[in-house]
>>> print(open('final-v2.cif').read())   # mmCIF, C-alpha atoms and all ligand atoms
data_coords
#
loop_
_atom_site.group_PDB
_atom_site.id
_atom_site.type_symbol
_atom_site.label_atom_id
_atom_site.label_comp_id
_atom_site.auth_asym_id
_atom_site.auth_seq_id
_atom_site.Cartn_x
_atom_site.Cartn_y
_atom_site.Cartn_z
ATOM 1 C CA MET A 1 111.353 116.554 113.383
ATOM 2 C CA SER A 2 112.239 114.140 110.692
ATOM 3 C CA ILE A 3 108.733 113.051 109.827
ATOM 4 C CA THR A 4 107.880 113.764 106.252
ATOM 5 C CA CYS A 5 104.798 115.870 106.063
ATOM 6 C CA MET A 6 102.908 115.016 102.916
ATOM 7 C CA ALA A 7 101.112 118.314 102.712
ATOM 8 C CA VAL A 8 100.348 119.481 99.228
ATOM 9 C CA PHE A 9 98.743 122.589 100.582
ATOM 10 C CA TYR A 10 101.418 124.915 99.256
ATOM 11 C CA ALA A 11 102.888 122.636 96.672
ATOM 12 C CA ASN A 12 101.902 125.094 93.997
ATOM 13 C CA ALA A 13 103.182 128.115 95.817
ATOM 14 C CA THR A 14 106.348 128.422 93.771
ATOM 15 C CA PRO A 15 104.509 130.553 91.252
ATOM 16 C CA PHE A 16 103.952 133.742 93.105
ATOM 17 C CA LEU A 17 101.407 135.112 90.699
ATOM 18 C CA TRP A 18 98.134 133.674 89.569
ATOM 19 C CA ASP A 19 99.075 132.029 86.343
ATOM 20 C CA ASP A 20 97.565 128.982 84.706
ATOM 21 C CA LYS A 21 100.875 127.795 83.345
ATOM 22 C CA THR A 22 102.652 127.919 86.673
ATOM 23 C CA LYS A 23 99.674 126.408 88.448
ATOM 24 C CA ASN A 24 100.130 123.313 86.300
ATOM 25 C CA ASN A 25 103.758 123.188 87.300
ATOM 26 C CA GLY A 26 102.623 123.266 90.878
ATOM 27 C CA ASP A 27 100.372 120.283 90.361
ATOM 28 C CA ASP A 28 103.371 118.272 89.244
ATOM 29 C CA LYS A 29 104.909 118.862 92.637
ATOM 30 C CA LYS A 30 101.941 117.491 94.534
ATOM 31 C CA GLY A 31 102.906 115.146 97.276
ATOM 32 C CA LYS A 32 106.568 115.997 97.060
ATOM 33 C CA ALA A 33 106.600 118.667 99.707
ATOM 34 C CA LYS A 34 108.836 117.655 102.562
ATOM 35 C CA ARG A 35 108.884 119.027 105.994
ATOM 36 C CA GLU A 36 112.640 119.523 106.085
ATOM 37 C CA ASP A 37 112.759 121.382 102.842
ATOM 38 C CA THR A 38 112.435 125.091 103.498
ATOM 39 C CA THR A 39 114.281 126.249 100.428
ATOM 40 C CA LYS A 40 112.294 124.498 97.763
ATOM 41 C CA PHE A 41 109.654 127.114 97.302
ATOM 42 C CA VAL A 42 111.704 130.272 97.524
ATOM 43 C CA ILE A 43 110.130 133.084 95.619
ATOM 44 C CA ASN A 44 112.442 134.645 93.159
ATOM 45 C CA GLU A 45 113.344 138.146 94.386
ATOM 46 C CA GLU A 46 113.147 139.477 90.842
ATOM 47 C CA SER A 47 109.602 138.288 90.454
ATOM 48 C CA LEU A 48 108.690 140.302 93.550
ATOM 49 C CA GLU A 49 110.306 143.518 92.423
ATOM 50 C CA GLY A 50 108.103 143.946 89.398
ATOM 51 C CA VAL A 51 104.939 143.395 91.435
ATOM 52 C CA GLN A 52 103.206 146.589 92.467
ATOM 53 C CA ASP A 53 99.681 145.318 92.806
ATOM 54 C CA THR A 54 99.779 143.021 95.819
ATOM 55 C CA THR A 55 96.265 141.756 95.111
ATOM 56 C CA GLN A 56 97.854 139.769 92.305
ATOM 57 C CA ILE A 57 100.185 137.946 94.655
ATOM 58 C CA LEU A 58 99.237 134.463 95.662
ATOM 59 C CA PHE A 59 99.551 134.999 99.366
ATOM 60 C CA PRO A 60 97.718 133.068 102.083
ATOM 61 C CA SER A 61 94.353 134.376 103.270
ATOM 62 C CA HIS A 62 93.996 136.399 100.127
ATOM 63 C CA ASP A 63 90.296 137.034 100.766
ATOM 64 C CA LEU A 64 90.827 138.521 104.196
ATOM 65 C CA TYR A 65 93.912 140.626 103.648
ATOM 66 C CA VAL A 66 94.078 143.116 100.844
ATOM 67 C CA THR A 67 97.799 143.633 101.128
ATOM 68 C CA TRP A 68 101.012 141.752 101.398
ATOM 69 C CA ASP A 69 103.386 144.130 103.132
ATOM 70 C CA THR A 70 106.872 142.744 103.479
ATOM 71 C CA ASN A 71 108.325 145.739 105.328
ATOM 72 C CA SER A 72 105.921 146.533 108.106
ATOM 73 C CA ALA A 73 105.117 144.150 110.949
ATOM 74 C CA HIS A 74 101.524 145.179 111.548
ATOM 75 C CA PRO A 75 100.106 147.416 108.837
ATOM 76 C CA TYR A 76 96.496 146.543 109.700
ATOM 77 C CA ASN A 77 93.608 148.103 111.536
ATOM 78 C CA PHE A 78 91.703 145.330 113.270
ATOM 79 C CA TYR A 79 88.579 147.269 114.128
ATOM 80 C CA GLU A 80 88.219 148.576 110.582
ATOM 81 C CA SER A 81 88.799 145.175 109.054
ATOM 82 C CA PHE A 82 86.931 142.874 111.428
ATOM 83 C CA LYS A 83 83.327 143.340 110.422
ATOM 84 C CA ALA A 84 81.717 140.287 112.020
ATOM 85 C CA ASP A 85 81.007 139.721 115.705
ATOM 86 C CA SER A 86 83.024 136.538 115.636
ATOM 87 C CA VAL A 87 84.960 134.221 113.391
ATOM 88 C CA THR A 88 85.760 130.537 113.795
ATOM 89 C CA LEU A 89 89.304 129.672 112.812
ATOM 90 C CA THR A 90 90.330 126.168 111.871
ATOM 91 C CA LEU A 91 93.910 125.840 112.986
ATOM 92 C CA THR A 92 95.035 122.729 111.139
ATOM 93 C CA THR A 93 93.553 120.498 108.474
ATOM 94 C CA ILE A 94 94.214 116.928 107.380
ATOM 95 C CA SER A 95 96.003 118.203 104.296
ATOM 96 C CA ASP A 96 98.550 120.361 106.110
ATOM 97 C CA CYS A 97 101.437 119.688 108.457
ATOM 98 C CA GLY A 98 99.499 120.469 111.616
ATOM 99 C CA PHE A 99 101.016 122.344 114.517
ATOM 100 C CA SER A 100 104.530 122.434 115.925
ATOM 101 C CA MET A 101 105.726 124.197 119.039
ATOM 102 C CA PRO A 102 107.972 127.019 117.794
ATOM 103 C CA TYR A 103 110.345 126.035 120.568
ATOM 104 C CA LYS A 104 109.767 123.637 123.430
ATOM 105 C CA GLY A 105 110.765 125.716 126.416
ATOM 106 C CA GLY A 106 109.307 127.223 129.543
ATOM 107 C CA ILE A 107 107.298 130.425 129.435
ATOM 108 C CA THR A 108 109.210 133.339 130.917
ATOM 109 C CA SER A 109 106.676 136.077 130.240
ATOM 110 C CA GLU A 110 103.016 135.960 129.357
ATOM 111 C CA PHE A 111 100.745 138.027 127.155
ATOM 112 C CA GLY A 112 99.554 141.075 129.044
ATOM 113 C CA TRP A 113 100.349 144.526 130.308
ATOM 114 C CA ARG A 114 103.847 145.064 131.594
ATOM 115 C CA LYS A 115 104.703 148.013 133.739
ATOM 116 C CA TYR A 116 104.832 150.575 130.969
ATOM 117 C CA ARG A 117 103.824 148.818 127.807
ATOM 118 C CA PRO A 118 101.779 145.992 126.372
ATOM 119 C CA HIS A 119 103.417 142.623 125.858
ATOM 120 C CA TYR A 120 101.707 141.118 122.858
ATOM 121 C CA GLY A 121 103.468 137.794 122.851
ATOM 122 C CA THR A 122 104.544 134.852 124.925
ATOM 123 C CA ASP A 123 108.216 134.627 125.801
ATOM 124 C CA ILE A 124 109.708 131.172 125.579
ATOM 125 C CA ASP A 125 113.024 130.398 127.199
ATOM 126 C CA LEU A 126 115.821 129.195 124.932
ATOM 127 C CA GLU A 127 119.552 129.476 124.365
ATOM 128 C CA THR A 128 120.996 131.511 121.522
ATOM 129 C CA GLY A 129 121.406 129.182 118.565
ATOM 130 C CA ASP A 130 118.481 126.903 119.415
ATOM 131 C CA GLN A 131 116.334 126.057 116.432
ATOM 132 C CA VAL A 132 113.002 127.830 116.098
ATOM 133 C CA VAL A 133 110.370 126.245 113.878
ATOM 134 C CA ALA A 134 107.215 127.438 112.120
ATOM 135 C CA ALA A 135 104.113 126.761 114.192
ATOM 136 C CA PHE A 136 101.864 126.162 111.185
ATOM 137 C CA ASP A 137 102.180 125.963 107.427
ATOM 138 C CA GLY A 138 102.275 129.351 105.783
ATOM 139 C CA MET A 139 104.210 131.890 103.796
ATOM 140 C CA VAL A 140 106.875 134.217 105.150
ATOM 141 C CA ARG A 141 105.541 137.777 104.943
ATOM 142 C CA MET A 142 108.364 139.581 106.724
ATOM 143 C CA ALA A 143 111.881 138.466 107.592
ATOM 144 C CA LYS A 144 114.257 141.158 108.806
ATOM 145 C CA TYR A 145 115.482 143.187 111.756
ATOM 146 C CA TYR A 146 112.482 145.149 112.983
ATOM 147 C CA TYR A 147 112.734 147.577 115.914
ATOM 148 C CA GLY A 148 112.202 145.955 119.319
ATOM 149 C CA TYR A 149 111.520 142.569 117.743
ATOM 150 C CA GLY A 150 115.149 142.355 116.636
ATOM 151 C CA ASN A 151 115.554 139.743 113.928
ATOM 152 C CA CYS A 152 111.965 138.895 113.246
ATOM 153 C CA ILE A 153 109.977 136.524 111.062
ATOM 154 C CA ILE A 154 106.269 136.888 110.407
ATOM 155 C CA ILE A 155 104.408 134.050 108.741
ATOM 156 C CA ARG A 156 100.948 134.437 107.228
ATOM 157 C CA HIS A 157 98.720 131.378 107.439
ATOM 158 C CA GLU A 158 95.837 130.306 105.264
ATOM 159 C CA ASN A 159 93.243 130.798 108.020
ATOM 160 C CA GLY A 160 94.182 134.481 108.428
ATOM 161 C CA LEU A 161 96.388 134.098 111.469
ATOM 162 C CA GLU A 162 99.899 135.434 111.463
ATOM 163 C CA THR A 163 102.635 134.136 113.739
ATOM 164 C CA VAL A 164 105.547 136.308 114.817
ATOM 165 C CA TYR A 165 108.968 135.095 115.958
ATOM 166 C CA GLY A 166 111.181 137.727 117.545
ATOM 167 C CA HIS A 167 114.686 138.268 118.960
ATOM 168 C CA LEU A 168 116.227 135.662 116.655
ATOM 169 C CA SER A 169 119.976 135.444 116.226
ATOM 170 C CA LYS A 170 119.592 134.162 112.681
ATOM 171 C CA ILE A 171 116.882 134.232 110.039
ATOM 172 C CA ASN A 172 116.891 131.190 107.756
ATOM 173 C CA VAL A 173 113.962 132.069 105.490
ATOM 174 C CA GLN A 174 113.107 134.692 102.920
ATOM 175 C CA VAL A 175 110.029 136.728 102.224
ATOM 176 C CA GLY A 176 107.621 134.805 100.025
ATOM 177 C CA GLN A 177 108.982 131.448 101.070
ATOM 178 C CA THR A 178 106.531 128.703 101.859
ATOM 179 C CA VAL A 179 107.162 126.941 105.134
ATOM 180 C CA PHE A 180 105.554 123.986 106.811
ATOM 181 C CA ALA A 181 104.866 123.449 110.476
ATOM 182 C CA GLY A 182 108.056 122.145 112.022
ATOM 183 C CA ASN A 183 110.434 123.687 109.468
ATOM 184 C CA VAL A 184 113.387 125.423 111.053
ATOM 185 C CA ILE A 185 112.955 129.096 110.191
ATOM 186 C CA GLY A 186 115.716 130.610 112.326
ATOM 187 C CA LEU A 187 117.780 130.412 115.462
ATOM 188 C CA GLY A 188 116.834 131.800 118.829
ATOM 189 C CA GLY A 189 118.665 134.811 120.178
ATOM 190 C CA ASN A 190 118.659 138.050 122.079
ATOM 191 C CA THR A 191 118.303 140.740 119.400
ATOM 192 C CA GLY A 192 116.117 143.855 119.645
ATOM 193 C CA ARG A 193 114.489 144.835 122.932
ATOM 194 C CA SER A 194 115.470 141.692 124.740
ATOM 195 C CA PHE A 195 117.291 140.983 127.932
ATOM 196 C CA GLY A 196 118.458 137.424 127.789
ATOM 197 C CA SER A 197 117.925 134.884 125.039
ATOM 198 C CA HIS A 198 114.321 133.942 124.434
ATOM 199 C CA LEU A 199 111.774 133.596 121.699
ATOM 200 C CA HIS A 200 109.079 136.242 121.611
ATOM 201 C CA PHE A 201 106.155 134.458 119.958
ATOM 202 C CA GLU A 202 102.927 136.146 118.891
ATOM 203 C CA MET A 203 99.741 135.090 117.191
ATOM 204 C CA ARG A 204 97.755 137.798 115.472
ATOM 205 C CA TYR A 205 94.592 138.088 113.438
ATOM 206 C CA LEU A 206 94.194 141.139 111.211
ATOM 207 C CA GLY A 207 96.942 142.704 113.267
ATOM 208 C CA GLN A 208 95.248 142.119 116.617
ATOM 209 C CA ALA A 209 97.525 140.216 118.967
ATOM 210 C CA LEU A 210 95.877 137.298 120.752
ATOM 211 C CA ASP A 211 97.076 135.381 123.767
ATOM 212 C CA THR A 212 98.965 132.367 122.415
ATOM 213 C CA GLU A 213 98.104 130.507 125.614
ATOM 214 C CA ASP A 214 94.474 130.547 124.501
ATOM 215 C CA PHE A 215 95.555 128.410 121.561
ATOM 216 C CA ILE A 216 98.454 126.380 122.908
ATOM 217 C CA ASP A 217 98.885 124.160 125.930
ATOM 218 C CA TYR A 218 102.555 124.865 126.556
ATOM 219 C CA THR A 219 103.046 122.050 129.029
ATOM 220 C CA LYS A 220 101.738 119.455 126.589
ATOM 221 C CA GLY A 221 103.194 121.207 123.564
ATOM 222 C CA GLU A 222 100.000 120.952 121.596
ATOM 223 C CA LEU A 223 96.971 122.934 120.520
ATOM 224 C CA LYS A 224 94.157 123.160 123.052
ATOM 225 C CA SER A 225 91.626 122.767 120.288
ATOM 226 C CA ASN A 226 91.721 122.674 116.537
ATOM 227 C CA THR A 227 89.190 125.461 116.278
ATOM 228 C CA PHE A 228 89.363 128.882 117.811
ATOM 229 C CA VAL A 229 86.435 131.248 118.020
ATOM 230 C CA LEU A 230 87.560 134.840 117.983
ATOM 231 C CA ARG A 231 84.876 137.198 119.218
ATOM 232 C CA LYS A 232 85.070 140.941 118.905
ATOM 233 C CA SER A 233 83.935 141.121 122.534
ATOM 234 C CA ASP A 234 86.970 139.031 123.568
ATOM 235 C CA VAL A 235 89.233 141.474 121.816
ATOM 236 C CA GLU A 236 87.663 144.284 123.798
ATOM 237 C CA THR A 237 87.812 142.478 127.131
ATOM 238 C CA LYS A 238 90.984 140.375 126.820
ATOM 239 C CA TYR A 239 93.281 141.213 123.947
ATOM 240 C CA ASP A 240 93.214 144.950 123.264
ATOM 241 C CA LEU A 241 95.834 145.642 125.908
ATOM 242 C CA ARG A 242 96.157 149.388 125.359
ATOM 243 C CA ALA A 243 92.423 149.992 125.595
ATOM 244 C CA LEU A 244 92.173 147.732 128.639
ATOM 245 C CA HIS A 245 95.046 149.488 130.320
ATOM 246 C CA SER A 246 93.613 152.960 129.875
ATOM 247 C CA ARG A 247 90.219 151.738 131.052
ATOM 248 C CA HIS A 248 91.877 150.191 134.094
ATOM 249 C CA ARG A 249 93.758 153.406 134.868
ATOM 250 C CA ARG A 250 90.548 155.367 134.580
ATOM 251 C CA ASP A 251 88.726 152.955 136.891
ATOM 252 C CA VAL A 252 91.544 152.930 139.418
ATOM 253 C CA GLY A 253 91.776 156.703 139.300
ATOM 254 C CA LEU A 254 88.077 157.050 139.847
ATOM 255 C CA ALA A 255 88.074 154.477 142.651
ATOM 256 C CA LYS A 256 90.886 156.317 144.415
ATOM 257 C CA TYR A 257 89.048 159.531 144.023
ATOM 258 C CA ASP A 258 85.773 158.066 145.270
ATOM 259 C CA LYS A 259 87.507 156.599 148.305
ATOM 260 C CA GLY A 260 89.085 159.848 149.358
ATOM 261 C CA SER A 261 86.203 162.097 148.566
ATOM 262 C CA LYS A 262 83.522 163.288 150.852
ATOM 263 C CA VAL A 263 79.951 163.230 149.763
ATOM 264 C CA ALA A 264 77.273 165.807 150.355
ATOM 265 C CA LYS A 265 75.789 166.182 153.816
ATOM 266 C CA ASN A 266 72.186 167.240 154.010
ATOM 267 C CA GLY A 267 72.245 167.841 150.267
ATOM 268 C CA VAL A 268 75.170 170.247 150.405
ATOM 269 C CA TYR A 269 78.695 169.481 149.195
ATOM 270 C CA LYS A 270 81.773 171.495 150.115
ATOM 271 C CA VAL A 271 84.240 171.914 147.246
ATOM 272 C CA ARG A 272 87.567 170.190 147.875
ATOM 273 C CA PRO A 273 90.948 170.473 146.094
ATOM 274 C CA GLY A 274 90.815 169.113 142.567
ATOM 275 C CA ASP A 275 87.031 169.193 142.307
ATOM 276 C CA THR A 276 85.246 170.097 139.134
ATOM 277 C CA LEU A 277 81.523 170.183 138.495
ATOM 278 C CA GLY A 278 81.971 167.016 136.446
ATOM 279 C CA ARG A 279 83.554 165.115 139.331
ATOM 280 C CA ILE A 280 81.021 166.325 141.836
ATOM 281 C CA ALA A 281 78.220 165.314 139.508
ATOM 282 C CA ARG A 282 79.767 161.869 139.007
ATOM 283 C CA ILE A 283 80.247 161.208 142.709
ATOM 284 C CA HIS A 284 76.655 162.080 143.433
ATOM 285 C CA GLY A 285 75.103 160.415 140.439
ATOM 286 C CA THR A 286 73.812 163.605 138.923
ATOM 287 C CA THR A 287 74.724 165.789 135.959
ATOM 288 C CA VAL A 288 76.624 169.047 135.529
ATOM 289 C CA LYS A 289 73.479 170.498 134.027
ATOM 290 C CA ASN A 290 71.474 169.704 137.171
ATOM 291 C CA LEU A 291 74.167 171.132 139.427
ATOM 292 C CA CYS A 292 74.303 174.328 137.371
ATOM 293 C CA ARG A 293 70.540 174.714 137.500
ATOM 294 C CA LYS A 294 70.348 174.155 141.264
ATOM 295 C CA ASN A 295 73.246 176.451 142.048
ATOM 296 C CA GLY A 296 72.902 179.140 139.432
ATOM 297 C CA LEU A 297 76.267 178.201 137.920
ATOM 298 C CA LYS A 298 77.578 177.843 134.397
ATOM 299 C CA PRO A 299 79.418 174.660 133.355
ATOM 300 C CA THR A 300 82.531 176.791 132.927
ATOM 301 C CA THR A 301 82.344 178.332 136.411
ATOM 302 C CA ILE A 302 85.602 177.913 138.352
ATOM 303 C CA LEU A 303 84.847 176.519 141.786
ATOM 304 C CA ARG A 304 86.303 177.935 145.010
ATOM 305 C CA LEU A 305 87.605 175.720 147.790
ATOM 306 C CA GLY A 306 84.940 175.312 150.413
ATOM 307 C CA GLN A 307 82.212 176.620 148.138
ATOM 308 C CA LYS A 308 78.879 175.004 148.979
ATOM 309 C CA ILE A 309 77.179 173.189 146.141
ATOM 310 C CA LYS A 310 73.587 172.025 146.434
ATOM 311 C CA ILE A 311 73.225 168.521 145.086
HETATM 312 ZN ZN ZN B 1 108.226 139.061 124.546
#
>>> encode(input="final-v2.cif", output="structure tokens")
Amino acid sequence: MSITCMAVFYANATPFLWDDKTKNNGDDKKGKAKREDTTKFVINEESLEGVQDTTQILFPSHDLYVTWDTNSAHPYNFYESFKADSVTLTLTTISDCGFSMPYKGGITSEFGWRKYRPHYGTDIDLETGDQVVAAFDGMVRMAKYYYGYGNCIIIRHENGLETVYGHLSKINVQVGQTVFAGNVIGLGGNTGRSFGSHLHFEMRYLGQALDTEDFIDYTKGELKSNTFVLRKSDVETKYDLRALHSRHRRDVGLAKYDKGSKVAKNGVYKVRPGDTLGRIARIHGTTVKNLCRKNGLKPTTILRLGQKIKI
């Protein structure tokens, strides 16, 4: 990417704190931001050290996020923070550098439940050393080795999204640095929980991982739409992988049980191995209370195999 992006979106991001004086300095830089330049707006490490109150930091999506945590990948609680039923996100604007594919490669693993754990990202095939670029303009929130992610970069964007780039062999950016879509932020690799070089790419909102394929057409290498409506109901039915998985297990377990179980004949059910009053009630569409009343039992009664229960 050698196109000069004339975004002035973050041109005044050098000052890391709200400060009238530094804001003016930023204005002087308007129009000078170049796509290739990832080092221009590095935040001075010393200026970060003295900052305790992160609400004073000029970080993207300041209104939505209270904190700017540079050490933890996902310090958020989506359900506590997401108060609305839905939010419409604008992904790019005319005054920013748009969207760039983090790496143009084939998908090797999709968002979803793997055998034992959730996979919150999309894996993109690459060779170690291939250049990985920022998907959108934003500011680097985390850049370090982080558990299974290996060398990992997280970028916060102005619309509240965060993008995550994992398993890198090299990190080329620093925390607090402003980056533009298309800037090289690191090199692909095989660090962390990774078997074979690839880029693990995530998109998150308030910590909730979303399926990047709902945003990006990977074959065309472009966004499917410039707006994305995130509904709380979609999180519950599509994105909250742990909750979905446990619900699925429960449903499967119940289905198996229902399949193998006998139902009452002539209103009488014979207790089988593993039965509880709760299960018997569920199979027959009644309640434990009703069963207890009909059979003179207590909810805590231990059932005997073969015991006859009136339904
Ligand atoms: Zn992955």
>>> closest_atom_pairs(input="final-v2.cif", of="chain A", to="ligand ZN 1 (chain B)", cutoff="12 Å", atoms="all atoms listed in the file", output="tab-separated table")
residue	atom	partner	partner_atom	distance
A:Ile107	CA	B:ZN1	ZN	10.0
A:Thr108	CA	B:ZN1	ZN	8.6
A:Ser109	CA	B:ZN1	ZN	6.6
A:Glu110	CA	B:ZN1	ZN	7.7
A:Phe111	CA	B:ZN1	ZN	8.0
A:Gly112	CA	B:ZN1	ZN	10.0
A:Trp113	CA	B:ZN1	ZN	11.2
A:Arg114	CA	B:ZN1	ZN	10.2
A:Arg117	CA	B:ZN1	ZN	11.2
A:Pro118	CA	B:ZN1	ZN	9.6
A:His119	CA	B:ZN1	ZN	6.1
A:Tyr120	CA	B:ZN1	ZN	7.0
A:Gly121	CA	B:ZN1	ZN	5.2
A:Thr122	CA	B:ZN1	ZN	5.6
A:Asp123	CA	B:ZN1	ZN	4.6
A:Ile124	CA	B:ZN1	ZN	8.1
A:Asp125	CA	B:ZN1	ZN	10.3
A:Gly148	CA	B:ZN1	ZN	9.5
A:Tyr149	CA	B:ZN1	ZN	8.3
A:Gly150	CA	B:ZN1	ZN	11.0
A:Cys152	CA	B:ZN1	ZN	11.9
A:Val164	CA	B:ZN1	ZN	10.5
A:Tyr165	CA	B:ZN1	ZN	9.5
A:Gly166	CA	B:ZN1	ZN	7.7
A:His167	CA	B:ZN1	ZN	8.6
A:Leu168	CA	B:ZN1	ZN	11.7
A:Asn190	CA	B:ZN1	ZN	10.8
A:Thr191	CA	B:ZN1	ZN	11.4
A:Gly192	CA	B:ZN1	ZN	10.5
A:Arg193	CA	B:ZN1	ZN	8.7
A:Ser194	CA	B:ZN1	ZN	7.7
A:Phe195	CA	B:ZN1	ZN	9.9
A:Gly196	CA	B:ZN1	ZN	10.9
A:Ser197	CA	B:ZN1	ZN	10.6
A:His198	CA	B:ZN1	ZN	8.0
A:Leu199	CA	B:ZN1	ZN	7.1
A:His200	CA	B:ZN1	ZN	4.2
A:Phe201	CA	B:ZN1	ZN	6.8
A:Glu202	CA	B:ZN1	ZN	8.3
A:Met203	CA	B:ZN1	ZN	11.9
A:Asp211	CA	B:ZN1	ZN	11.8
A:Thr212	CA	B:ZN1	ZN	11.6
>>> residues_around(input="final-v2.cif", residues="Lys104 in chain A", least_positions_apart="5", cutoff="10 Å", atoms="only C-alpha atoms", output="VMD selection string")
chain A and resid 124 to 126 131 to 133 218 to 221
>>> atom_distance(input="final-v2.cif", atom1="CA of Thr237 in chain A", atom2="CA of Ala84 in chain A")
16.4 Å
>>> residues_around(input="final-v2.cif", residues="range 85-93 of chain A", least_positions_apart="2", cutoff="9 Å", atoms="only C-alpha atoms", output="PDB file with C-alpha atoms, in the frame of the given file")
ATOM      1  CA  PHE A  82      86.931 142.874 111.428  1.00  0.00           C
ATOM      2  CA  LYS A  83      83.327 143.340 110.422  1.00  0.00           C
ATOM      3  CA  SER A  95      96.003 118.203 104.296  1.00  0.00           C
ATOM      4  CA  ASP A  96      98.550 120.361 106.110  1.00  0.00           C
ATOM      5  CA  CYS A  97     101.437 119.688 108.457  1.00  0.00           C
ATOM      6  CA  GLY A  98      99.499 120.469 111.616  1.00  0.00           C
ATOM      7  CA  PHE A  99     101.016 122.344 114.517  1.00  0.00           C
ATOM      8  CA  PHE A 136     101.864 126.162 111.185  1.00  0.00           C
ATOM      9  CA  ASP A 137     102.180 125.963 107.427  1.00  0.00           C
ATOM     10  CA  ASN A 159      93.243 130.798 108.020  1.00  0.00           C
ATOM     11  CA  GLY A 160      94.182 134.481 108.428  1.00  0.00           C
ATOM     12  CA  LEU A 161      96.388 134.098 111.469  1.00  0.00           C
ATOM     13  CA  LEU A 223      96.971 122.934 120.520  1.00  0.00           C
ATOM     14  CA  SER A 225      91.626 122.767 120.288  1.00  0.00           C
ATOM     15  CA  ASN A 226      91.721 122.674 116.537  1.00  0.00           C
ATOM     16  CA  THR A 227      89.190 125.461 116.278  1.00  0.00           C
ATOM     17  CA  PHE A 228      89.363 128.882 117.811  1.00  0.00           C
ATOM     18  CA  VAL A 229      86.435 131.248 118.020  1.00  0.00           C
ATOM     19  CA  LEU A 230      87.560 134.840 117.983  1.00  0.00           C
ATOM     20  CA  ARG A 231      84.876 137.198 119.218  1.00  0.00           C
ATOM     21  CA  LYS A 232      85.070 140.941 118.905  1.00  0.00           C
ATOM     22  CA  SER A 233      83.935 141.121 122.534  1.00  0.00           C
TER      23      SER A 233
END
>>> atom_distance(input="final-v2.cif", atom1="CA of Ala243 in chain A", atom2="CA of Arg156 in chain A")
25.5 Å
>>> atom_distance(input="final-v2.cif", atom1="CA of Tyr205 in chain A", atom2="CA of Val235 in chain A")
10.5 Å
>>> residues_around(input="final-v2.cif", residues="Val140 in chain A", least_positions_apart="3", cutoff="6 Å", atoms="all atoms listed in the file", output="MDAnalysis selection string")
chainID A and resid 154:155 175:177
>>> residues_around(input="final-v2.cif", residues="Ser169 in chain A", least_positions_apart="5", cutoff="9 Å", atoms="all atoms listed in the file", output="CSV table (one decimal) with C-alpha atoms, keeping the file's coordinate frame")
chain,number,residue,atom,x,y,z
A,128,THR,CA,121.0,131.5,121.5
A,129,GLY,CA,121.4,129.2,118.6
A,150,GLY,CA,115.1,142.4,116.6
A,151,ASN,CA,115.6,139.7,113.9
A,186,GLY,CA,115.7,130.6,112.3
A,187,LEU,CA,117.8,130.4,115.5
A,188,GLY,CA,116.8,131.8,118.8
A,189,GLY,CA,118.7,134.8,120.2
A,190,ASN,CA,118.7,138.0,122.1
A,191,THR,CA,118.3,140.7,119.4
>>> resolve_selection(input="final-v2.cif", expression="the PyMOL selection byres (((chain A and resi 292-298) around 12) and not hetatm)", output="PDB file with C-alpha atoms, keeping the file's coordinate frame")
ATOM      1  CA  GLY A 267      72.245 167.841 150.267  1.00  0.00           C
ATOM      2  CA  VAL A 268      75.170 170.247 150.405  1.00  0.00           C
ATOM      3  CA  TYR A 269      78.695 169.481 149.195  1.00  0.00           C
ATOM      4  CA  THR A 276      85.246 170.097 139.134  1.00  0.00           C
ATOM      5  CA  LEU A 277      81.523 170.183 138.495  1.00  0.00           C
ATOM      6  CA  GLY A 278      81.971 167.016 136.446  1.00  0.00           C
ATOM      7  CA  ILE A 280      81.021 166.325 141.836  1.00  0.00           C
ATOM      8  CA  ALA A 281      78.220 165.314 139.508  1.00  0.00           C
ATOM      9  CA  THR A 286      73.812 163.605 138.923  1.00  0.00           C
ATOM     10  CA  THR A 287      74.724 165.789 135.959  1.00  0.00           C
ATOM     11  CA  VAL A 288      76.624 169.047 135.529  1.00  0.00           C
ATOM     12  CA  LYS A 289      73.479 170.498 134.027  1.00  0.00           C
ATOM     13  CA  ASN A 290      71.474 169.704 137.171  1.00  0.00           C
ATOM     14  CA  LEU A 291      74.167 171.132 139.427  1.00  0.00           C
ATOM     15  CA  PRO A 299      79.418 174.660 133.355  1.00  0.00           C
ATOM     16  CA  THR A 300      82.531 176.791 132.927  1.00  0.00           C
ATOM     17  CA  THR A 301      82.344 178.332 136.411  1.00  0.00           C
ATOM     18  CA  ILE A 302      85.602 177.913 138.352  1.00  0.00           C
ATOM     19  CA  LEU A 303      84.847 176.519 141.786  1.00  0.00           C
ATOM     20  CA  GLN A 307      82.212 176.620 148.138  1.00  0.00           C
ATOM     21  CA  LYS A 308      78.879 175.004 148.979  1.00  0.00           C
ATOM     22  CA  ILE A 309      77.179 173.189 146.141  1.00  0.00           C
ATOM     23  CA  LYS A 310      73.587 172.025 146.434  1.00  0.00           C
ATOM     24  CA  ILE A 311      73.225 168.521 145.086  1.00  0.00           C
TER      25      ILE A 311
END
>>> resolve_selection(input="final-v2.cif", expression="the PyMOL selection byres (((chain A and resi 73) around 9) and not hetatm)", output="short mmCIF file (atom, residue, chain, number, x, y, z; two decimals) with C-alpha atoms, keeping the file's coordinate frame")
data_model
loop_
_atom_site.label_atom_id
_atom_site.label_comp_id
_atom_site.auth_asym_id
_atom_site.auth_seq_id
_atom_site.Cartn_x
_atom_site.Cartn_y
_atom_site.Cartn_z
CA ASP A 69 103.39 144.13 103.13
CA THR A 70 106.87 142.74 103.48
CA ASN A 71 108.32 145.74 105.33
CA SER A 72 105.92 146.53 108.11
CA HIS A 74 101.52 145.18 111.55
CA PRO A 75 100.11 147.42 108.84
CA ARG A 141 105.54 137.78 104.94
CA MET A 142 108.36 139.58 106.72
CA TYR A 146 112.48 145.15 112.98
CA CYS A 152 111.96 138.90 113.25
CA ILE A 154 106.27 136.89 110.41
CA VAL A 164 105.55 136.31 114.82
CA GLY A 207 96.94 142.70 113.27
#
